[in-house]
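Chemist: Handing you this structure, nothing more for now.
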Amino acid sequence: MSTPRVKLGAARFGFDNAFARMPFRFGVVTIEAAASLTLELEMTVDGKRSIGYAADLLAYKWFDKRPEKTPADNVADLLWMVERAADIARDLPEATPFALWRQLDQAVERVALEGGFNRLGASFGTSMIERAMIDGVGKALGLGFRAMLAGDALGLRPAEIFPELDGMSLAEAIPAAPLTALDVRHTIGMVDPLTASDPFEPVGDGLPETLEDYLRHDGIRHLKIKVGGDLDADLARLDAIAGLVAKRGDVIKATIDGNEQYKRLEDFAALMQAIRSTPSLEALYDATLFIEQPLERSVALAGTLDARALEAIGKPLLIDEADGWTGAYREAIELGYRGVSHKNCKGVIRSFLNAMLAARHSRLAGEPGSYFQSAEDLTCLPNVSLHADLSVVAALGISHVERNGHHYFRGLDHLPAAEAEAALAAHPDLYERAGSRVQLAIRDGRIAVGSLATPGLGSSVTPDMDKRIAPRDWSFAMLETKTRT
């Protein structure tokens, strides 16, 4: 297959207001409602007209955690960034998808920094255009995402970004076929109830609410545990989680999310040393696979990680929020990190470049898998955002993925009813009906994703843009009503 030539065109945007069924506390914010932005992007692929879609929550206090910025400011900044990215994309000359992504990546970052935004936010703007472009290319060619990679439909040229990848093929870093099922790594937010005896206000909507519910009802066996930077409080919560798991007799794997709560690695190491010296936490420590970015992003890549702190921690560290630009993971490897998170909101092509870097460094170290990618969730909601993210995770071959959208939001209720029904019809392996609701189907702790191998980026259900709210008609105040508008 020859790599197609693509000309990007007009973009259209629409908002859905998504109201949480239960509060989600991470870092410095608790989210009870969020805006989901859908992008419709026109293009031509070898002269053939096509339309691609991308979507994501405009997650406040993640891309930009500056205290002087309000949640409304954050959402406005992210919308501005995507709109600027769309303007830049429309002016780019016809080229291969990879060449367009590379030009866009550089230009959007420059505009973001000149406008007082940051590189992580710039990556979001680029990634929205990138995902819609990939979706449109796949639909024009009649190819699913993994087939696009196999046929070089994106025109990837990794050595143009990282010369050390010259002579290495993508096939050396990813499986020959996409995974058809993924283990769900369940998020335990900092205010999530663990058992029915915890102080919380029950939702009573028929879905699991407590960690105990999820372990029993969905058969969850992978956990992502968020910590808050308070040693005593974190130890007490970890002990409660470990006690619940031990009482049930479940065999689990876990990751710990440091949530950028630390300025010094030594302070996080103190938590890990305390965990290692507490008998009731021994099994939880042994089950822990890796640590997700404990250091605040301004210092995460400031220098080589302290060797004594790394020894005390005893688990590999990965970057998440610090992965704000295309070369960030390579820089992080040189400082002592082993892993990097995949999130579609940071970029699809970037994740495949990072997969190749991880494979190369693991080979050089003589330890398969010693450098790695994880799959994390910035609350990807159905349809477009979730399908795209799962398609990429399946192609990367990451066997377990953090999922929290089904936990904090109620099924597909945020979508027009016709789109929820269409998703169930097109993806009966991924979704199920529960009464009048369509929701994610989690069985024995896993989700089936085989039906996502459809032309495009897993987006088989076309969003009805007329049912969305145009940016000119949307305001942050709509989220503050706590009711559907």
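In the structure tokens, the first chain shown is A, the next is B, and so on; residue numbers restart at 1 for each chain, and ligands run from 1 in the order shown.
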Which residues of region 70-114 of chain A come within 12 Å of region 338-346 of chain A, and for each one, what is the closest pair of atoms and their distance in Å to one decimal, counting only C-alpha atoms, sorted by chain and residue number, as a Markdown table?
Modeler:
```
| residue | atom | partner | partner_atom | distance |
| --- | --- | --- | --- | --- |
| A:Leu78 | CA | A:Cys345 | CA | 11.3 |
| A:Val82 | CA | A:Cys345 | CA | 11.4 |
| A:Asp105 | CA | A:Lys346 | CA | 10.8 |
```
Chemist: Show me, as a list in words, the residues that have an atom within 8 Å of region 141-158 of chain A when counting only C-alpha atoms, minus same-chain residues fewer than 6 positions from it.
Modeler: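 Result of the neighbour search: Met1, Ser2, Thr3, Pro4, Thr96, Pro97, Phe98, Ala99, Ile134, Leu165, Asp166, Ala177, Pro178, Leu353, Ser391, Val392, Ala395, Leu452, Ala453, Thr454, Pro455, Gly456, Leu457 and Gly458 of chain A.
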Chemist: If you count only C-alpha atoms, which residues fall within 10 Å of Gly52 (chain A), apart from same-chain ones fewer than 4 positions away, as a ChimeraX atom specification?
Modeler: /A:11,39-43,129-140,456-457,459,462
Chemist: Taking only region 247-401 of chain A into account, list the residues labelled helix (DSSP H, G or I) by DSSP (computed from the backbone), as number ranges by chain.
Modeler: A: 247-248, 265-276, 279-287, 297-300, 307-313, 328-335, 344-346, 348-365, 384-396
Chemist: Output C-alpha atoms of each residue in that selection to a file, as a PDB file, in the first residue's frame.
Modeler:
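Wrote again.pdb, looks like this:
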```pdb
ATOM      1  CA  LYS A 247     -10.542 -10.487  53.248  1.00  0.00           C
ATOM      2  CA  ARG A 248     -12.047 -11.355  49.891  1.00  0.00           C
ATOM      3  CA  LEU A 265      11.402  12.092  45.379  1.00  0.00           C
ATOM      4  CA  GLU A 266      12.756  11.442  48.862  1.00  0.00           C
ATOM      5  CA  ASP A 267       9.371  12.383  50.325  1.00  0.00           C
ATOM      6  CA  PHE A 268       7.571   9.857  48.143  1.00  0.00           C
ATOM      7  CA  ALA A 269      10.246   7.300  48.980  1.00  0.00           C
ATOM      8  CA  ALA A 270       9.296   7.763  52.648  1.00  0.00           C
ATOM      9  CA  LEU A 271       5.773   6.589  51.824  1.00  0.00           C
ATOM     10  CA  MET A 272       7.095   3.563  49.956  1.00  0.00           C
ATOM     11  CA  GLN A 273       9.493   2.698  52.777  1.00  0.00           C
ATOM     12  CA  ALA A 274       6.591   2.864  55.214  1.00  0.00           C
ATOM     13  CA  ILE A 275       4.573   0.556  52.963  1.00  0.00           C
ATOM     14  CA  ARG A 276       7.454  -1.908  52.743  1.00  0.00           C
ATOM     15  CA  PRO A 279       3.323  -6.253  57.380  1.00  0.00           C
ATOM     16  CA  SER A 280      -0.319  -5.738  56.409  1.00  0.00           C
ATOM     17  CA  LEU A 281       0.804  -3.969  53.214  1.00  0.00           C
ATOM     18  CA  GLU A 282       3.344  -6.574  52.114  1.00  0.00           C
ATOM     19  CA  ALA A 283       0.987  -8.297  49.671  1.00  0.00           C
ATOM     20  CA  LEU A 284      -0.117  -4.978  48.178  1.00  0.00           C
ATOM     21  CA  TYR A 285       3.489  -3.894  47.666  1.00  0.00           C
ATOM     22  CA  ASP A 286       4.334  -7.208  46.026  1.00  0.00           C
ATOM     23  CA  ALA A 287       1.337  -6.803  43.720  1.00  0.00           C
ATOM     24  CA  ARG A 297       5.605  18.231  36.577  1.00  0.00           C
ATOM     25  CA  SER A 298       7.825  21.304  37.073  1.00  0.00           C
ATOM     26  CA  VAL A 299      10.455  19.162  38.803  1.00  0.00           C
ATOM     27  CA  ALA A 300       9.756  15.700  37.354  1.00  0.00           C
ATOM     28  CA  ALA A 307      19.445   6.513  43.262  1.00  0.00           C
ATOM     29  CA  ARG A 308      18.822   6.009  46.980  1.00  0.00           C
ATOM     30  CA  ALA A 309      15.218   7.116  46.623  1.00  0.00           C
ATOM     31  CA  LEU A 310      14.703   4.768  43.680  1.00  0.00           C
ATOM     32  CA  GLU A 311      16.142   1.888  45.710  1.00  0.00           C
ATOM     33  CA  ALA A 312      13.836   2.702  48.609  1.00  0.00           C
ATOM     34  CA  ILE A 313      10.829   2.813  46.280  1.00  0.00           C
ATOM     35  CA  ALA A 328       9.743  13.883  26.856  1.00  0.00           C
ATOM     36  CA  TYR A 329       9.957  10.103  27.322  1.00  0.00           C
ATOM     37  CA  ARG A 330      13.429   9.909  25.798  1.00  0.00           C
ATOM     38  CA  GLU A 331      14.549  12.646  28.219  1.00  0.00           C
ATOM     39  CA  ALA A 332      12.876  10.813  31.107  1.00  0.00           C
ATOM     40  CA  ILE A 333      14.712   7.566  30.302  1.00  0.00           C
ATOM     41  CA  GLU A 334      18.020   9.384  30.605  1.00  0.00           C
ATOM     42  CA  LEU A 335      16.989  10.590  34.078  1.00  0.00           C
ATOM     43  CA  ASN A 344      -4.825   9.518  23.437  1.00  0.00           C
ATOM     44  CA  CYS A 345      -5.130  13.083  24.729  1.00  0.00           C
ATOM     45  CA  LYS A 346      -1.313  13.341  24.558  1.00  0.00           C
ATOM     46  CA  VAL A 348      -1.432   8.636  19.121  1.00  0.00           C
ATOM     47  CA  ILE A 349       1.689   8.771  16.965  1.00  0.00           C
ATOM     48  CA  ARG A 350       3.680   9.806  20.030  1.00  0.00           C
ATOM     49  CA  SER A 351       2.601   6.630  21.808  1.00  0.00           C
ATOM     50  CA  PHE A 352       3.899   4.446  18.981  1.00  0.00           C
ATOM     51  CA  LEU A 353       7.210   6.312  18.947  1.00  0.00           C
ATOM     52  CA  ASN A 354       7.370   5.769  22.716  1.00  0.00           C
ATOM     53  CA  ALA A 355       6.603   2.063  22.245  1.00  0.00           C
ATOM     54  CA  MET A 356       9.600   1.810  19.935  1.00  0.00           C
ATOM     55  CA  LEU A 357      11.822   3.695  22.399  1.00  0.00           C
ATOM     56  CA  ALA A 358      10.744   1.351  25.191  1.00  0.00           C
ATOM     57  CA  ALA A 359      11.422  -1.742  23.078  1.00  0.00           C
ATOM     58  CA  ARG A 360      14.831  -0.445  22.040  1.00  0.00           C
ATOM     59  CA  HIS A 361      15.944   0.409  25.582  1.00  0.00           C
ATOM     60  CA  SER A 362      14.656  -2.904  26.932  1.00  0.00           C
ATOM     61  CA  ARG A 363      16.716  -4.695  24.293  1.00  0.00           C
ATOM     62  CA  LEU A 364      19.816  -2.640  25.140  1.00  0.00           C
ATOM     63  CA  ALA A 365      19.302  -3.434  28.828  1.00  0.00           C
ATOM     64  CA  VAL A 384     -15.721   8.398  19.980  1.00  0.00           C
ATOM     65  CA  SER A 385     -13.184   9.009  22.755  1.00  0.00           C
ATOM     66  CA  LEU A 386     -13.424   5.563  24.354  1.00  0.00           C
ATOM     67  CA  HIS A 387     -13.389   3.655  21.060  1.00  0.00           C
ATOM     68  CA  ALA A 388     -10.333   5.534  19.815  1.00  0.00           C
ATOM     69  CA  ASP A 389      -8.431   5.013  23.050  1.00  0.00           C
ATOM     70  CA  LEU A 390      -9.219   1.301  23.251  1.00  0.00           C
ATOM     71  CA  SER A 391      -8.270   0.845  19.585  1.00  0.00           C
ATOM     72  CA  VAL A 392      -4.845   2.333  20.239  1.00  0.00           C
ATOM     73  CA  VAL A 393      -4.307   0.368  23.474  1.00  0.00           C
ATOM     74  CA  ALA A 394      -5.243  -2.879  21.686  1.00  0.00           C
ATOM     75  CA  ALA A 395      -2.803  -2.110  18.856  1.00  0.00           C
ATOM     76  CA  LEU A 396      -0.027  -1.246  21.309  1.00  0.00           C
TER      77      LEU A 396
END
```
Chemist: Using only C-alpha atoms, which of A:Leu8, A:Val29, A:Ala322, A:Ala72 sits nearest Trp101 (chain A)?
Modeler: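 When distances to Trp101 (chain A) are compared using only C-alpha atoms, the smallest one comes from A:Leu8.
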Chemist: Name all residues at most 10 Å from Ala417 (chain A) (count only C-alpha atoms; drop same-chain ones fewer than 6 positions away) and give them as a list in words.
Modeler: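 What passes the distance filter is Ala423, Arg437 and Val438 of chain A.
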Chemist: Which neighbours of Leu289 (chain A) fall inside 9 Å, counting only C-alpha atoms, when residues of the same chain fewer than 6 positions from it are skipped, and could you give them as a CSV table (one decimal) with C-alpha atoms, in the first residue's frame?
Modeler:
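Once everything was written out, this is out.csv:
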```
chain,number,residue,atom,x,y,z
A,253,LYS,CA,-2.2,-6.5,40.4
A,254,ALA,CA,-2.0,-2.8,41.3
A,255,THR,CA,-0.4,0.5,40.4
A,256,ILE,CA,0.0,3.5,42.6
A,315,LYS,CA,9.3,-0.2,41.8
A,316,PRO,CA,9.8,1.4,38.3
```
